[in-house]
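Asks: query-v3.tsv (TSV, C-alpha atoms) pasted underneath:
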```
chain	number	residue	atom	x	y	z
A	863	VAL	CA	-92.00	-24.01	-39.90
A	864	ASN	CA	-89.88	-23.31	-36.81
A	865	ARG	CA	-92.25	-22.00	-34.17
A	866	SER	CA	-89.87	-22.14	-31.21
A	867	PRO	CA	-89.63	-18.80	-29.40
A	868	ASP	CA	-86.73	-16.63	-30.51
A	869	LEU	CA	-85.45	-15.49	-27.13
A	870	PRO	CA	-82.31	-13.66	-28.36
A	871	GLY	CA	-84.46	-11.82	-30.91
A	872	SER	CA	-87.09	-10.93	-28.32
A	873	LEU	CA	-84.50	-9.68	-25.83
A	874	LEU	CA	-82.74	-7.61	-28.44
A	875	THR	CA	-86.08	-6.18	-29.63
A	876	PHE	CA	-86.84	-5.20	-26.02
A	877	ALA	CA	-83.45	-3.49	-25.70
A	878	ALA	CA	-83.60	-1.84	-29.13
A	879	GLN	CA	-86.99	-0.30	-28.31
A	880	ARG	CA	-85.32	1.54	-25.44
A	881	ILE	CA	-82.71	3.26	-27.56
A	882	ARG	CA	-83.21	6.98	-27.94
A	883	PRO	CA	-85.12	7.99	-31.11
A	884	GLU	CA	-82.05	9.71	-32.61
A	885	ARG	CA	-80.14	6.43	-32.24
A	886	SER	CA	-82.97	4.09	-33.20
A	887	GLU	CA	-81.29	3.47	-36.58
A	888	TRP	CA	-78.62	1.46	-34.75
A	889	GLY	CA	-81.18	-0.62	-32.88
A	890	ALA	CA	-82.86	-1.50	-36.18
A	891	ALA	CA	-79.43	-2.23	-37.68
A	892	MET	CA	-78.53	-4.69	-34.91
A	893	LEU	CA	-81.93	-6.37	-35.10
A	894	ALA	CA	-81.67	-6.76	-38.87
A	895	GLU	CA	-78.17	-8.18	-38.53
A	896	LEU	CA	-79.33	-10.72	-35.95
A	897	THR	CA	-81.61	-12.29	-38.57
A	898	GLU	CA	-78.46	-13.24	-40.50
A	899	VAL	CA	-76.88	-15.05	-37.54
A	900	THR	CA	-78.13	-18.63	-37.64
A	901	ASP	CA	-75.82	-20.51	-35.28
A	902	PRO	CA	-77.60	-20.60	-31.86
A	903	VAL	CA	-74.47	-19.83	-29.80
A	904	ALA	CA	-73.33	-17.05	-32.13
A	905	ARG	CA	-76.89	-15.73	-32.11
A	906	TRP	CA	-76.93	-15.47	-28.31
A	907	GLN	CA	-73.47	-13.87	-28.30
A	908	PHE	CA	-74.49	-11.36	-30.93
A	909	ALA	CA	-77.79	-10.53	-29.21
A	910	LEU	CA	-76.21	-10.14	-25.76
A	911	GLY	CA	-73.46	-7.92	-27.17
A	912	CYS	CA	-76.01	-5.71	-28.89
A	913	MET	CA	-78.22	-5.64	-25.77
A	914	TRP	CA	-75.26	-4.47	-23.75
A	915	ILE	CA	-74.76	-1.56	-26.14
A	916	ALA	CA	-78.46	-0.74	-26.32
A	917	LEU	CA	-78.90	-0.68	-22.57
A	918	PHE	CA	-75.64	0.48	-21.11
A	919	ALA	CA	-72.99	1.62	-23.58
A	920	PRO	CA	-72.14	5.29	-23.18
A	921	GLY	CA	-72.54	7.53	-26.16
A	922	THR	CA	-75.11	5.35	-27.87
A	923	GLY	CA	-78.21	6.61	-26.09
A	924	GLY	CA	-78.73	3.54	-23.94
A	925	LEU	CA	-81.35	3.01	-21.28
A	926	LEU	CA	-79.00	3.81	-18.42
A	927	GLN	CA	-78.25	7.23	-19.85
A	928	MET	CA	-81.91	8.09	-19.88
A	929	ARG	CA	-82.19	7.06	-16.23
A	930	LYS	CA	-78.96	8.55	-14.96
A	931	ASN	CA	-80.86	11.37	-13.24
A	932	THR	CA	-83.21	8.90	-11.60
A	933	ILE	CA	-80.30	6.87	-10.22
A	934	VAL	CA	-78.65	9.99	-8.78
A	935	THR	CA	-81.96	11.15	-7.30
A	936	ALA	CA	-82.62	7.73	-5.79
A	937	ALA	CA	-79.15	7.61	-4.25
A	938	LEU	CA	-79.48	11.11	-2.78
A	939	ILE	CA	-82.95	10.55	-1.33
A	940	SER	CA	-81.86	7.23	0.13
A	941	THR	CA	-78.77	8.77	1.73
A	942	LEU	CA	-80.87	11.56	3.26
A	943	ILE	CA	-83.35	9.06	4.67
A	944	VAL	CA	-80.70	6.76	6.18
A	945	ALA	CA	-78.41	9.53	7.48
A	946	PRO	CA	-80.35	10.23	10.73
A	947	PHE	CA	-80.40	6.52	11.65
A	948	LEU	CA	-76.69	6.23	10.86
A	949	TYR	CA	-76.04	9.24	13.10
A	950	LEU	CA	-77.99	7.62	15.96
A	951	GLU	CA	-76.15	4.33	15.46
A	952	LEU	CA	-72.75	6.03	15.39
A	953	ARG	CA	-73.49	7.63	18.75
A	954	ASN	CA	-73.73	4.12	20.22
A	955	ARG	CA	-71.20	2.19	18.14
A	956	PRO	CA	-68.21	3.57	16.22
A	957	LEU	CA	-67.96	2.75	12.51
A	958	GLY	CA	-65.07	0.32	12.92
A	959	ALA	CA	-66.71	-1.64	15.77
A	960	LEU	CA	-66.92	-5.37	15.21
A	961	ASN	CA	-70.64	-5.42	15.93
A	962	PHE	CA	-71.47	-2.46	13.69
A	963	PRO	CA	-74.55	-3.50	11.65
A	964	TYR	CA	-73.20	-2.89	8.14
A	965	PRO	CA	-75.70	-5.25	6.40
A	966	LEU	CA	-78.59	-3.47	8.10
A	967	PHE	CA	-77.48	-0.09	6.81
A	968	VAL	CA	-76.88	-1.42	3.31
A	969	LEU	CA	-80.44	-2.75	3.33
A	970	LEU	CA	-81.81	0.47	4.79
A	971	TRP	CA	-80.10	2.37	1.96
A	972	VAL	CA	-80.92	0.00	-0.89
A	973	LEU	CA	-84.64	-0.26	-0.14
A	974	PRO	CA	-85.46	3.48	-0.45
A	975	ALA	CA	-83.19	3.73	-3.52
A	976	ALA	CA	-85.06	0.84	-5.15
A	977	PHE	CA	-88.33	2.45	-4.08
A	978	VAL	CA	-87.51	5.76	-5.78
A	979	PHE	CA	-86.15	4.00	-8.87
A	980	THR	CA	-89.34	1.91	-9.18
A	981	ALA	CA	-91.67	4.82	-8.47
A	982	ALA	CA	-89.97	7.16	-10.97
A	983	PRO	CA	-91.62	5.72	-14.13
A	984	ILE	CA	-95.04	5.95	-12.45
A	985	VAL	CA	-94.41	9.60	-11.52
A	986	ARG	CA	-93.22	10.33	-15.06
A	987	SER	CA	-96.34	8.74	-16.53
A	988	VAL	CA	-98.61	10.75	-14.21
A	989	ARG	CA	-96.79	13.99	-15.11
A	990	ALA	CA	-97.08	13.20	-18.81
A	991	GLY	CA	-100.80	12.50	-18.39
A	992	GLN	CA	-100.42	8.92	-19.59
A	993	ASN	CA	-102.76	6.12	-18.63
A	994	LEU	CA	-101.13	4.17	-15.78
A	995	LEU	CA	-103.11	1.06	-16.69
A	996	ALA	CA	-101.82	1.00	-20.27
A	997	HIS	CA	-99.50	-1.79	-19.05
A	998	PRO	CA	-101.52	-3.20	-16.14
A	999	ILE	CA	-99.23	-6.12	-15.23
A	1000	LEU	CA	-96.13	-3.94	-15.14
A	1001	PHE	CA	-97.97	-1.30	-13.13
A	1002	LEU	CA	-99.29	-3.83	-10.59
A	1003	THR	CA	-95.83	-5.43	-10.25
A	1004	ARG	CA	-94.32	-2.02	-9.56
A	1005	VAL	CA	-97.00	-1.09	-7.02
A	1006	THR	CA	-96.66	-4.46	-5.26
A	1007	PHE	CA	-92.89	-4.00	-5.02
A	1008	LEU	CA	-93.34	-0.46	-3.68
A	1009	VAL	CA	-95.76	-1.60	-0.98
A	1010	LEU	CA	-93.57	-4.55	0.05
A	1011	ALA	CA	-90.39	-2.43	0.09
A	1012	ALA	CA	-92.07	0.26	2.21
A	1013	LEU	CA	-93.48	-2.33	4.62
A	1014	PHE	CA	-90.17	-4.16	4.98
A	1015	TRP	CA	-88.28	-0.91	5.56
A	1016	SER	CA	-90.81	0.21	8.21
A	1017	VAL	CA	-90.57	-3.14	10.00
A	1018	LEU	CA	-86.76	-2.93	9.98
A	1019	ILE	CA	-86.76	0.60	11.41
A	1020	ASN	CA	-89.37	-0.31	14.01
A	1021	ASP	CA	-87.41	-3.39	15.03
A	1022	GLN	CA	-84.07	-1.57	15.25
A	1023	MET	CA	-85.32	1.66	16.82
A	1024	PRO	CA	-84.36	0.64	20.39
A	1025	CYS	CA	-80.78	0.03	19.18
A	1026	PHE	CA	-80.71	3.39	17.39
A	1027	LEU	CA	-81.86	5.03	20.64
A	1028	GLY	CA	-79.13	3.30	22.62
A	1029	VAL	CA	-81.24	0.90	24.69
A	1030	PRO	CA	-78.83	-1.59	26.32
A	1031	ASN	CA	-79.02	-5.22	25.12
A	1032	CYS	CA	-81.44	-4.23	22.36
A	1033	ASP	CA	-80.23	-7.02	20.03
B	14	VAL	CA	-56.40	-1.27	-31.82
B	15	GLN	CA	-59.96	-2.50	-32.31
B	16	THR	CA	-60.96	0.70	-34.09
B	17	ILE	CA	-57.91	0.40	-36.34
B	18	SER	CA	-58.81	-3.19	-37.21
B	19	VAL	CA	-62.32	-2.09	-38.18
B	20	LEU	CA	-60.93	0.79	-40.25
B	21	LEU	CA	-58.50	-1.55	-41.99
B	22	ALA	CA	-61.27	-4.08	-42.72
B	23	LEU	CA	-63.38	-1.32	-44.23
B	24	ALA	CA	-60.40	0.01	-46.19
B	25	GLU	CA	-59.71	-3.32	-47.91
B	26	ASP	CA	-62.31	-2.47	-50.53
B	27	PRO	CA	-63.39	1.11	-49.80
B	28	GLY	CA	-66.12	1.23	-52.42
B	29	GLN	CA	-67.81	-1.91	-51.13
B	30	TRP	CA	-70.73	-1.64	-48.67
B	31	ARG	CA	-70.17	-3.95	-45.68
B	32	HIS	CA	-72.51	-5.57	-43.11
B	33	GLY	CA	-71.96	-5.36	-39.36
B	34	TYR	CA	-71.90	-9.12	-38.75
B	35	ASP	CA	-69.47	-9.68	-41.63
B	36	LEU	CA	-67.15	-7.08	-40.10
B	37	CYS	CA	-67.44	-8.89	-36.74
B	38	GLN	CA	-66.40	-12.15	-38.37
B	39	GLU	CA	-63.56	-10.56	-40.32
B	40	THR	CA	-62.08	-8.66	-37.39
B	41	GLY	CA	-62.92	-11.22	-34.70
B	42	LEU	CA	-64.67	-8.52	-32.66
B	43	LYS	CA	-67.88	-9.21	-30.75
B	44	ALA	CA	-70.99	-7.20	-31.54
B	45	GLY	CA	-70.64	-5.44	-28.17
B	46	SER	CA	-67.32	-3.99	-29.35
B	47	MET	CA	-68.11	-3.58	-33.04
B	48	TYR	CA	-71.23	-1.42	-32.88
B	49	PRO	CA	-69.89	1.27	-30.51
B	50	ILE	CA	-66.91	1.57	-32.89
B	51	LEU	CA	-69.19	1.86	-35.93
B	52	ILE	CA	-71.33	4.43	-34.11
B	53	ARG	CA	-68.29	6.52	-33.18
B	54	LEU	CA	-66.87	6.31	-36.70
B	55	ALA	CA	-70.20	7.42	-38.16
B	56	ASP	CA	-70.46	10.26	-35.62
B	57	ARG	CA	-67.01	11.50	-36.69
B	58	GLY	CA	-68.02	11.40	-40.33
B	59	TRP	CA	-65.54	8.67	-41.18
B	60	LEU	CA	-68.24	6.10	-41.92
B	61	GLU	CA	-71.12	6.32	-44.34
B	62	THR	CA	-74.21	4.28	-43.53
B	63	SER	CA	-77.07	3.10	-45.71
B	64	TRP	CA	-79.84	0.52	-45.80
B	65	GLU	CA	-80.15	-2.37	-48.22
B	66	VAL	CA	-82.65	-1.66	-50.96
B	67	THR	CA	-83.29	-5.23	-52.04
B	68	THR	CA	-83.87	-7.79	-49.32
B	69	SER	CA	-84.84	-11.44	-49.14
B	70	PRO	CA	-88.54	-12.02	-48.42
B	71	GLY	CA	-89.31	-11.99	-44.68
B	72	ARG	CA	-86.01	-10.37	-43.79
B	73	PRO	CA	-85.57	-6.75	-42.75
B	74	PRO	CA	-83.17	-4.56	-44.75
B	75	ARG	CA	-79.63	-4.70	-43.38
B	76	HIS	CA	-77.54	-1.72	-42.41
B	77	LEU	CA	-74.54	-1.08	-44.65
B	78	TYR	CA	-71.25	0.64	-43.95
B	79	ARG	CA	-68.36	2.03	-45.96
B	80	LEU	CA	-65.64	4.59	-45.36
B	81	THR	CA	-66.16	8.19	-46.35
B	82	ARG	CA	-63.44	10.24	-48.02
B	83	SER	CA	-62.34	11.62	-44.62
B	84	GLY	CA	-62.32	8.04	-43.26
B	85	LEU	CA	-59.98	7.04	-46.07
B	86	ASP	CA	-57.78	10.06	-45.32
B	87	VAL	CA	-57.53	8.88	-41.72
B	88	ILE	CA	-56.45	5.44	-42.91
B	89	ARG	CA	-53.79	6.99	-45.18
B	90	GLU	CA	-52.47	9.19	-42.34
B	91	LEU	CA	-52.48	6.19	-40.05
B	92	GLY	CA	-50.55	4.15	-42.61
B	93	ALA	CA	-48.05	6.98	-43.13
B	94	SER	CA	-47.43	7.50	-39.42
B	95	ARG	CA	-47.08	3.74	-38.90
B	96	ALA	CA	-44.56	3.55	-41.75
B	97	THR	CA	-42.61	6.48	-40.27
B	98	ARG	CA	-42.60	4.84	-36.85
B	99	GLY	CA	-41.53	1.54	-38.44
B	100	ARG	CA	-38.64	3.21	-40.30
B	101	ALA	CA	-37.53	5.00	-37.10
B	102	ARG	CA	-37.67	1.71	-35.16
B	103	ARG	CA	-35.62	-0.07	-37.84
B	104	ALA	CA	-33.05	2.77	-37.85
B	105	ARG	CA	-32.69	2.58	-34.05
B	106	LEU	CA	-32.29	-1.20	-34.28
B	107	ASN	CA	-29.59	-0.85	-36.96
B	108	VAL	CA	-27.68	1.66	-34.83
B	109	ARG	CA	-27.85	-0.69	-31.84
B	110	LEU	CA	-26.70	-3.67	-33.94
B	111	GLN	CA	-23.77	-1.65	-35.29
B	112	GLU	CA	-22.85	-0.62	-31.73
B	113	MET	CA	-22.97	-4.24	-30.60
B	114	SER	CA	-20.85	-5.45	-33.51
```
Could you quickly redo this structure as structure tokens?

Replies:
Amino acid sequence: VNRSPDLPGSLLTFAAQRIRPERSEWGAAMLAELTEVTDPVARWQFALGCMWIALFAPGTGGLLQMRKNTIVTAALISTLIVAPFLYLELRNRPLGALNFPYPLFVLLWVLPAAFVFTAAPIVRSVRAGQNLLAHPILFLTRVTFLVLAALFWSVLINDQMPCFLGVPNCD
Amino acid sequence: VQTISVLLALAEDPGQWRHGYDLCQETGLKAGSMYPILIRLADRGWLETSWEVTTSPGRPPRHLYRLTRSGLDVIRELGASRATRGRARRARLNVRLQEMS
């Protein structure tokens, strides 16, 4: 009996479980079809193709569609948070300046966006009255990431605040 | 072009139920291209879907596909318009050859 883990099957199962209920027939169809693919390479190709559809393909009820609102919300909140610091920085250095800290602002934008995106499932669960500890490892991983992201962002802001305020030789 | 190749593969034997992976192999399309096409065809009512009734032990029932009557009509219209375009192209070519000669 072959007891080696079926990674393509597991990944596709994970993806198929995230298809909207009205499209779940297609997830089951792809999973059933994968059982017929025996060649390891073809199996990976088939599973990855199906995962792509399940998670991202438009019009098939993929995961990304369900979270489109969250992504937009995260991007908006992040932009609003970073905007004041960008304004302060632009008062000291124009956008095209050689020493303009582009990487810093990308990081300052990405961290709050990732924070909102990670926190959204927790907020949804709380609103729906679900038990947050139903998946304790996932919950703890999310909380750990949230704490670390918030800490890192605070440290960055604290460190760069003199530059935002126009203190000479702040770098 | 990919959708047409799937339609043509299904039209080869319209009464026959087909499997998704078999269609992938026949058309040379990857699963990532095949299933969105099948989903769209089914949404438009051109494709009928069903589940296998009898399955091998330990295997889940497979999803089956075949063209509906409107799917077959689409194929016929497609064939007719292709034939018309082909005839027009041949006529233009003949005119050009006559001009050249």

Asks: Hey, could you pull the box centre and edge lengths for stretch 999-1002 of chain A, axis-aligned, 8 Å padding per side, all listed atoms, to one decimal in Å, as lines of an AutoDock Vina configuration file?

Replies:
```
center_x = -97.7
center_y = -3.7
center_z = -12.9
size_x = 19.2
size_y = 20.8
size_z = 20.6
```

Asks: Tell me, as a list in words, which residues lie within 7 Å of A:Val978, counting only C-alpha atoms; anything in the same chain fewer than 4 positions away does not count.

Replies: Ala936, Pro974 and Ala982 of chain A

Asks: Env of stretch 14-30 of chain B: 6 Å cut, atoms = all atoms listed in the file, seq-sep filter 2 positions within chain, self excluded. Answer as a compact mmCIF listing (two decimals) with C-alpha atoms, in the coordinates of the input.

Replies:
```
# COMPACT_ATOMS: atom_id res chain seq x y z
CA LEU B 77 -74.54 -1.08 -44.65
CA TYR B 78 -71.25 0.64 -43.95
CA ARG B 79 -68.36 2.03 -45.96
```

Asks: Please identify all residues of chain A having at least one atom at most 7 Å from any atom of chain B, considering only C-alpha atoms, and return them as an mmCIF file with C-alpha atoms, in the frame of the given file.

Replies:
```
data_model
loop_
_atom_site.group_PDB
_atom_site.id
_atom_site.type_symbol
_atom_site.label_atom_id
_atom_site.label_comp_id
_atom_site.auth_asym_id
_atom_site.auth_seq_id
_atom_site.Cartn_x
_atom_site.Cartn_y
_atom_site.Cartn_z
ATOM 1 C CA ALA A 891 -79.430 -2.230 -37.680
ATOM 2 C CA ALA A 894 -81.670 -6.760 -38.870
ATOM 3 C CA GLU A 895 -78.170 -8.180 -38.530
ATOM 4 C CA PHE A 908 -74.490 -11.360 -30.930
ATOM 5 C CA GLY A 911 -73.460 -7.920 -27.170
ATOM 6 C CA CYS A 912 -76.010 -5.710 -28.890
ATOM 7 C CA TRP A 914 -75.260 -4.470 -23.750
ATOM 8 C CA ILE A 915 -74.760 -1.560 -26.140
#
```

Asks: Can you tell me, as a list in words, which residues sit within 12 Å of (-81.0, 4.3, -0.6) in the file's frame, using all atoms listed in the file?

Replies: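 Output of the proximity query reads Ile933, Val934, Thr935, Ala936, Ala937, Leu938, Ile939, Ser940, Thr941, Leu942, Ile943, Val944, Ala945, Leu966, Phe967, Val968, Leu969, Leu970, Trp971, Val972, Leu973, Pro974, Ala975, Ala976, Phe977, Val978, Phe979, Ala1011 and Trp1015 of chain A.
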
Asks: Could you save the residues just selected, with C-alpha atoms, as a PDB file, in the frame of the given file?

Replies:
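Produced file again_14.pdb, reproduced below:
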```pdb
ATOM      1  CA  ILE A 933     -80.300   6.870 -10.220  1.00  0.00           C
ATOM      2  CA  VAL A 934     -78.650   9.990  -8.780  1.00  0.00           C
ATOM      3  CA  THR A 935     -81.960  11.150  -7.300  1.00  0.00           C
ATOM      4  CA  ALA A 936     -82.620   7.730  -5.790  1.00  0.00           C
ATOM      5  CA  ALA A 937     -79.150   7.610  -4.250  1.00  0.00           C
ATOM      6  CA  LEU A 938     -79.480  11.110  -2.780  1.00  0.00           C
ATOM      7  CA  ILE A 939     -82.950  10.550  -1.330  1.00  0.00           C
ATOM      8  CA  SER A 940     -81.860   7.230   0.130  1.00  0.00           C
ATOM      9  CA  THR A 941     -78.770   8.770   1.730  1.00  0.00           C
ATOM     10  CA  LEU A 942     -80.870  11.560   3.260  1.00  0.00           C
ATOM     11  CA  ILE A 943     -83.350   9.060   4.670  1.00  0.00           C
ATOM     12  CA  VAL A 944     -80.700   6.760   6.180  1.00  0.00           C
ATOM     13  CA  ALA A 945     -78.410   9.530   7.480  1.00  0.00           C
ATOM     14  CA  LEU A 966     -78.590  -3.470   8.100  1.00  0.00           C
ATOM     15  CA  PHE A 967     -77.480  -0.090   6.810  1.00  0.00           C
ATOM     16  CA  VAL A 968     -76.880  -1.420   3.310  1.00  0.00           C
ATOM     17  CA  LEU A 969     -80.440  -2.750   3.330  1.00  0.00           C
ATOM     18  CA  LEU A 970     -81.810   0.470   4.790  1.00  0.00           C
ATOM     19  CA  TRP A 971     -80.100   2.370   1.960  1.00  0.00           C
ATOM     20  CA  VAL A 972     -80.920   0.000  -0.890  1.00  0.00           C
ATOM     21  CA  LEU A 973     -84.640  -0.260  -0.140  1.00  0.00           C
ATOM     22  CA  PRO A 974     -85.460   3.480  -0.450  1.00  0.00           C
ATOM     23  CA  ALA A 975     -83.190   3.730  -3.520  1.00  0.00           C
ATOM     24  CA  ALA A 976     -85.060   0.840  -5.150  1.00  0.00           C
ATOM     25  CA  PHE A 977     -88.330   2.450  -4.080  1.00  0.00           C
ATOM     26  CA  VAL A 978     -87.510   5.760  -5.780  1.00  0.00           C
ATOM     27  CA  PHE A 979     -86.150   4.000  -8.870  1.00  0.00           C
ATOM     28  CA  ALA A1011     -90.390  -2.430   0.090  1.00  0.00           C
ATOM     29  CA  TRP A1015     -88.280  -0.910   5.560  1.00  0.00           C
TER      30      TRP A1015
END
```

Asks: Go through A:Phe1014, A:Phe1001, A:Phe947, A:Tyr964 one by one, measure the shortest atom-to-atom distance of each to A:Leu1027 using only C-alpha atoms, and give the residue with the smallest value.

Replies: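 Of all the options, A:Phe947 lies closest to A:Leu1027.
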
Asks: In Å, rounded to a single decimal, give me how far atom CA of A:Leu896 is from atom CA of A:Thr875.

Replies: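 If I compute the distance from atom CA of A:Thr875 to atom CA of A:Leu896, I get 10.3 Å.
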
Asks: Just give me the gap between atom CA of A:Ala877 and atom CA of B:Leu36 in Å, one decimal is fine.

Replies: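 For atom CA of A:Ala877 relative to atom CA of B:Leu36, the distance reads 22.0 Å.
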
Asks: Any idea what the distance is between atom CA of A:Glu887 and atom CA of B:Ser69?

Replies: 19.8 Å

Asks: Near A:Met913, counting all atoms listed in the file, which residues have an atom at most 10 Å away, once you skip same-chain residues fewer than 3 positions from it, shown as a VMD selection string?

Replies: (chain A and resid 870 873 to 878 889 892 907 to 910 916 to 919 924) or (chain B and resid 44 to 45)

Asks: Would you mind listing what lies within 6 Å of B:Leu80 as an MDAnalysis selection string, with only C-alpha atoms counted and same-chain residues fewer than 3 positions away left out?

Replies: chainID B and resid 59:61 84

Asks: Complete stretch 40-53 of chain B at the level of N, CA, C and O atoms, written as a compact mmCIF listing (two decimals), in the coordinates of the input.

Replies:
```txt
# COMPACT_ATOMS: atom_id res chain seq x y z
N THR B 40 -63.02 -9.24 -38.37
CA THR B 40 -62.08 -8.66 -37.39
C THR B 40 -61.97 -9.49 -36.13
O THR B 40 -61.07 -9.28 -35.32
N GLY B 41 -62.92 -10.42 -35.94
CA GLY B 41 -62.92 -11.22 -34.70
C GLY B 41 -63.48 -10.46 -33.52
O GLY B 41 -63.38 -10.93 -32.38
N LEU B 42 -64.09 -9.31 -33.77
CA LEU B 42 -64.67 -8.52 -32.66
C LEU B 42 -66.09 -8.98 -32.40
O LEU B 42 -66.81 -9.39 -33.31
N LYS B 43 -66.49 -8.89 -31.12
CA LYS B 43 -67.88 -9.21 -30.75
C LYS B 43 -68.75 -8.00 -31.10
O LYS B 43 -68.26 -6.87 -31.22
N ALA B 44 -70.05 -8.28 -31.21
CA ALA B 44 -70.99 -7.20 -31.54
C ALA B 44 -70.93 -6.07 -30.52
O ALA B 44 -71.05 -4.89 -30.87
N GLY B 45 -70.71 -6.44 -29.24
CA GLY B 45 -70.64 -5.44 -28.17
C GLY B 45 -69.47 -4.49 -28.33
O GLY B 45 -69.47 -3.40 -27.76
N SER B 46 -68.45 -4.89 -29.08
CA SER B 46 -67.32 -3.99 -29.35
C SER B 46 -67.49 -3.32 -30.70
O SER B 46 -67.12 -2.15 -30.88
N MET B 47 -68.03 -4.08 -31.66
CA MET B 47 -68.11 -3.58 -33.04
C MET B 47 -69.05 -2.37 -33.18
O MET B 47 -68.67 -1.35 -33.75
N TYR B 48 -70.26 -2.48 -32.62
CA TYR B 48 -71.23 -1.42 -32.88
C TYR B 48 -70.86 -0.07 -32.25
O TYR B 48 -71.03 0.97 -32.91
N PRO B 49 -70.34 -0.05 -31.00
CA PRO B 49 -69.89 1.27 -30.51
C PRO B 49 -68.83 1.89 -31.40
O PRO B 49 -68.80 3.11 -31.60
N ILE B 50 -67.94 1.04 -31.98
CA ILE B 50 -66.91 1.57 -32.89
C ILE B 50 -67.58 2.15 -34.14
O ILE B 50 -67.27 3.26 -34.57
N LEU B 51 -68.50 1.39 -34.72
CA LEU B 51 -69.19 1.86 -35.93
C LEU B 51 -69.94 3.17 -35.64
O LEU B 51 -69.92 4.10 -36.46
N ILE B 52 -70.58 3.22 -34.47
CA ILE B 52 -71.33 4.43 -34.11
C ILE B 52 -70.39 5.63 -33.99
O ILE B 52 -70.67 6.72 -34.51
N ARG B 53 -69.25 5.42 -33.34
CA ARG B 53 -68.29 6.52 -33.18
C ARG B 53 -67.72 6.97 -34.54
O ARG B 53 -67.58 8.15 -34.80
```
